[in-house]
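Heads up: the structure comes next, in structure tokens.
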Amino acid sequence: MPPISPHLLELFDAAGAPRGLLLSPELWAKVRDDVLPRLTKALYVLDPACRPEPEERPEPMAEWETLLQYWDFTYPPAYDVSCAHCGASTPDWRADEPRKFRLRNANLGGLVTFQCQTCKSLVLKKHFKKHLTVECLPYVERC
């Protein structure tokens, strides 16, 4: 640490444990652009709750409609979705308002994914020619 300066002050509690740092407005103006991105990144690691929610993309309904248009499986499409992690379920995900499950992806290969709006788990519906399998993957925070 540099010698005592009016621009930089370390703060300690009564037991001598570090509690913070106080920067003068002049010093902050000089280091802000270099320091703030690193502080923000470290803050999100220490306190993930303060991270802003990512902007929600619209559901890919066109992809879902394309899958239905070319549906050639031996069984009818199923609209029910259930989360094995939190127990949320719906008989028809399209009819829920607000949505209990949001469509994340649908492709012609038969893979349809949903995100549970309660616990953020990912529900994968894998459509095969003669059967359907369902998997539920827990939500994993990306750093």
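Lettering and numbering for the structure tokens are positional, with chains as A, B, ... in the shown order, residues counted from 1 in each chain, and ligands counted from 1 in the shown order.
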
Go through region 45-101 of chain A and collect every residue that DSSP, computed from the backbone, puts in strand (DSSP E or B); the answer should be as a PyMOL selection string.
chain A and resi 81-82+89-90+101

Taking the DSSP secondary structure from the backbone, can you list the residues of region 1-142 of chain A that are alpha helix (DSSP H), as an MDAnalysis selection string?
chainID A and resid 25:46 61:69

Using N, CA and C atoms, can you export the residues from the last selection as a PDB file, in the first residue's frame?
ATOM      1  N   PRO A  25     -12.889  10.961  -5.262  1.00  0.00           N
ATOM      2  CA  PRO A  25     -13.467  11.099  -6.604  1.00  0.00           C
ATOM      3  C   PRO A  25     -12.398  11.297  -7.686  1.00  0.00           C
ATOM      4  N   GLU A  26     -11.330  11.980  -7.347  1.00  0.00           N
ATOM      5  CA  GLU A  26     -10.267  12.222  -8.328  1.00  0.00           C
ATOM      6  C   GLU A  26      -9.554  10.915  -8.697  1.00  0.00           C
ATOM      7  N   LEU A  27      -9.242  10.103  -7.695  1.00  0.00           N
ATOM      8  CA  LEU A  27      -8.575   8.831  -7.960  1.00  0.00           C
ATOM      9  C   LEU A  27      -9.511   7.881  -8.712  1.00  0.00           C
ATOM     10  N   TRP A  28     -10.785   7.848  -8.309  1.00  0.00           N
ATOM     11  CA  TRP A  28     -11.749   6.990  -8.976  1.00  0.00           C
ATOM     12  C   TRP A  28     -11.892   7.373 -10.454  1.00  0.00           C
ATOM     13  N   ALA A  29     -11.905   8.650 -10.753  1.00  0.00           N
ATOM     14  CA  ALA A  29     -12.005   9.115 -12.142  1.00  0.00           C
ATOM     15  C   ALA A  29     -10.826   8.620 -12.983  1.00  0.00           C
ATOM     16  N   LYS A  30      -9.648   8.505 -12.380  1.00  0.00           N
ATOM     17  CA  LYS A  30      -8.460   8.065 -13.110  1.00  0.00           C
ATOM     18  C   LYS A  30      -8.427   6.546 -13.339  1.00  0.00           C
ATOM     19  N   VAL A  31      -8.985   5.764 -12.414  1.00  0.00           N
ATOM     20  CA  VAL A  31      -8.887   4.296 -12.513  1.00  0.00           C
ATOM     21  C   VAL A  31     -10.206   3.608 -12.885  1.00  0.00           C
ATOM     22  N   ARG A  32     -11.297   4.342 -12.940  1.00  0.00           N
ATOM     23  CA  ARG A  32     -12.630   3.763 -13.123  1.00  0.00           C
ATOM     24  C   ARG A  32     -12.715   2.836 -14.332  1.00  0.00           C
ATOM     25  N   ASP A  33     -12.289   3.293 -15.504  1.00  0.00           N
ATOM     26  CA  ASP A  33     -12.433   2.489 -16.721  1.00  0.00           C
ATOM     27  C   ASP A  33     -11.619   1.198 -16.674  1.00  0.00           C
ATOM     28  N   ASP A  34     -10.506   1.195 -15.958  1.00  0.00           N
ATOM     29  CA  ASP A  34      -9.687  -0.009 -15.845  1.00  0.00           C
ATOM     30  C   ASP A  34     -10.200  -0.953 -14.765  1.00  0.00           C
ATOM     31  N   VAL A  35     -10.704  -0.388 -13.679  1.00  0.00           N
ATOM     32  CA  VAL A  35     -11.054  -1.173 -12.490  1.00  0.00           C
ATOM     33  C   VAL A  35     -12.503  -1.670 -12.497  1.00  0.00           C
ATOM     34  N   LEU A  36     -13.432  -0.869 -12.971  1.00  0.00           N
ATOM     35  CA  LEU A  36     -14.849  -1.217 -12.872  1.00  0.00           C
ATOM     36  C   LEU A  36     -15.209  -2.536 -13.541  1.00  0.00           C
ATOM     37  N   PRO A  37     -14.733  -2.859 -14.756  1.00  0.00           N
ATOM     38  CA  PRO A  37     -15.082  -4.165 -15.332  1.00  0.00           C
ATOM     39  C   PRO A  37     -14.590  -5.340 -14.485  1.00  0.00           C
ATOM     40  N   ARG A  38     -13.406  -5.224 -13.913  1.00  0.00           N
ATOM     41  CA  ARG A  38     -12.882  -6.305 -13.078  1.00  0.00           C
ATOM     42  C   ARG A  38     -13.654  -6.400 -11.765  1.00  0.00           C
ATOM     43  N   LEU A  39     -14.045  -5.262 -11.193  1.00  0.00           N
ATOM     44  CA  LEU A  39     -14.849  -5.264  -9.963  1.00  0.00           C
ATOM     45  C   LEU A  39     -16.220  -5.902 -10.225  1.00  0.00           C
ATOM     46  N   THR A  40     -16.814  -5.554 -11.342  1.00  0.00           N
ATOM     47  CA  THR A  40     -18.132  -6.096 -11.673  1.00  0.00           C
ATOM     48  C   THR A  40     -18.067  -7.610 -11.834  1.00  0.00           C
ATOM     49  N   LYS A  41     -17.071  -8.091 -12.551  1.00  0.00           N
ATOM     50  CA  LYS A  41     -16.914  -9.531 -12.755  1.00  0.00           C
ATOM     51  C   LYS A  41     -16.715 -10.251 -11.418  1.00  0.00           C
ATOM     52  N   ALA A  42     -15.868  -9.698 -10.545  1.00  0.00           N
ATOM     53  CA  ALA A  42     -15.633 -10.300  -9.229  1.00  0.00           C
ATOM     54  C   ALA A  42     -16.899 -10.244  -8.373  1.00  0.00           C
ATOM     55  N   LEU A  43     -17.664  -9.166  -8.481  1.00  0.00           N
ATOM     56  CA  LEU A  43     -18.900  -9.031  -7.711  1.00  0.00           C
ATOM     57  C   LEU A  43     -19.909 -10.106  -8.108  1.00  0.00           C
ATOM     58  N   TYR A  44     -20.022 -10.403  -9.398  1.00  0.00           N
ATOM     59  CA  TYR A  44     -20.962 -11.425  -9.852  1.00  0.00           C
ATOM     60  C   TYR A  44     -20.572 -12.803  -9.348  1.00  0.00           C
ATOM     61  N   VAL A  45     -19.287 -13.028  -9.131  1.00  0.00           N
ATOM     62  CA  VAL A  45     -18.835 -14.305  -8.570  1.00  0.00           C
ATOM     63  C   VAL A  45     -19.173 -14.368  -7.079  1.00  0.00           C
ATOM     64  N   LEU A  46     -18.907 -13.269  -6.354  1.00  0.00           N
ATOM     65  CA  LEU A  46     -19.166 -13.238  -4.913  1.00  0.00           C
ATOM     66  C   LEU A  46     -20.657 -13.164  -4.589  1.00  0.00           C
ATOM     67  N   MET A  61     -41.218 -20.535 -31.949  1.00  0.00           N
ATOM     68  CA  MET A  61     -42.472 -21.183 -32.351  1.00  0.00           C
ATOM     69  C   MET A  61     -42.449 -21.633 -33.816  1.00  0.00           C
ATOM     70  N   ALA A  62     -41.717 -20.926 -34.671  1.00  0.00           N
ATOM     71  CA  ALA A  62     -41.630 -21.327 -36.077  1.00  0.00           C
ATOM     72  C   ALA A  62     -40.978 -22.701 -36.197  1.00  0.00           C
ATOM     73  N   GLU A  63     -39.960 -22.962 -35.386  1.00  0.00           N
ATOM     74  CA  GLU A  63     -39.305 -24.264 -35.410  1.00  0.00           C
ATOM     75  C   GLU A  63     -40.263 -25.360 -34.937  1.00  0.00           C
ATOM     76  N   TRP A  64     -41.061 -25.047 -33.915  1.00  0.00           N
ATOM     77  CA  TRP A  64     -42.049 -26.006 -33.422  1.00  0.00           C
ATOM     78  C   TRP A  64     -43.073 -26.323 -34.518  1.00  0.00           C
ATOM     79  N   GLU A  65     -43.551 -25.286 -35.188  1.00  0.00           N
ATOM     80  CA  GLU A  65     -44.530 -25.482 -36.260  1.00  0.00           C
ATOM     81  C   GLU A  65     -43.926 -26.278 -37.416  1.00  0.00           C
ATOM     82  N   THR A  66     -42.660 -26.065 -37.708  1.00  0.00           N
ATOM     83  CA  THR A  66     -41.989 -26.832 -38.758  1.00  0.00           C
ATOM     84  C   THR A  66     -41.928 -28.306 -38.382  1.00  0.00           C
ATOM     85  N   LEU A  67     -41.595 -28.586 -37.126  1.00  0.00           N
ATOM     86  CA  LEU A  67     -41.568 -29.978 -36.663  1.00  0.00           C
ATOM     87  C   LEU A  67     -42.947 -30.616 -36.821  1.00  0.00           C
ATOM     88  N   LEU A  68     -44.000 -29.906 -36.422  1.00  0.00           N
ATOM     89  CA  LEU A  68     -45.352 -30.453 -36.546  1.00  0.00           C
ATOM     90  C   LEU A  68     -45.744 -30.656 -38.004  1.00  0.00           C
ATOM     91  N   GLN A  69     -45.335 -29.743 -38.860  1.00  0.00           N
ATOM     92  CA  GLN A  69     -45.664 -29.833 -40.285  1.00  0.00           C
ATOM     93  C   GLN A  69     -45.077 -31.095 -40.915  1.00  0.00           C
TER      94      GLN A  69
END

What separation in Å, quoted to one decimal, exists between CA of Glu141 (chain A) and CA of Cys50 (chain A)?
13.6 Å

Rank nothing, just name the residue among A:Pro18, A:Ser24, A:Gly87, A:Leu137 nearest to Pro6 (chain A), using only C-alpha atoms.
A:Ser24
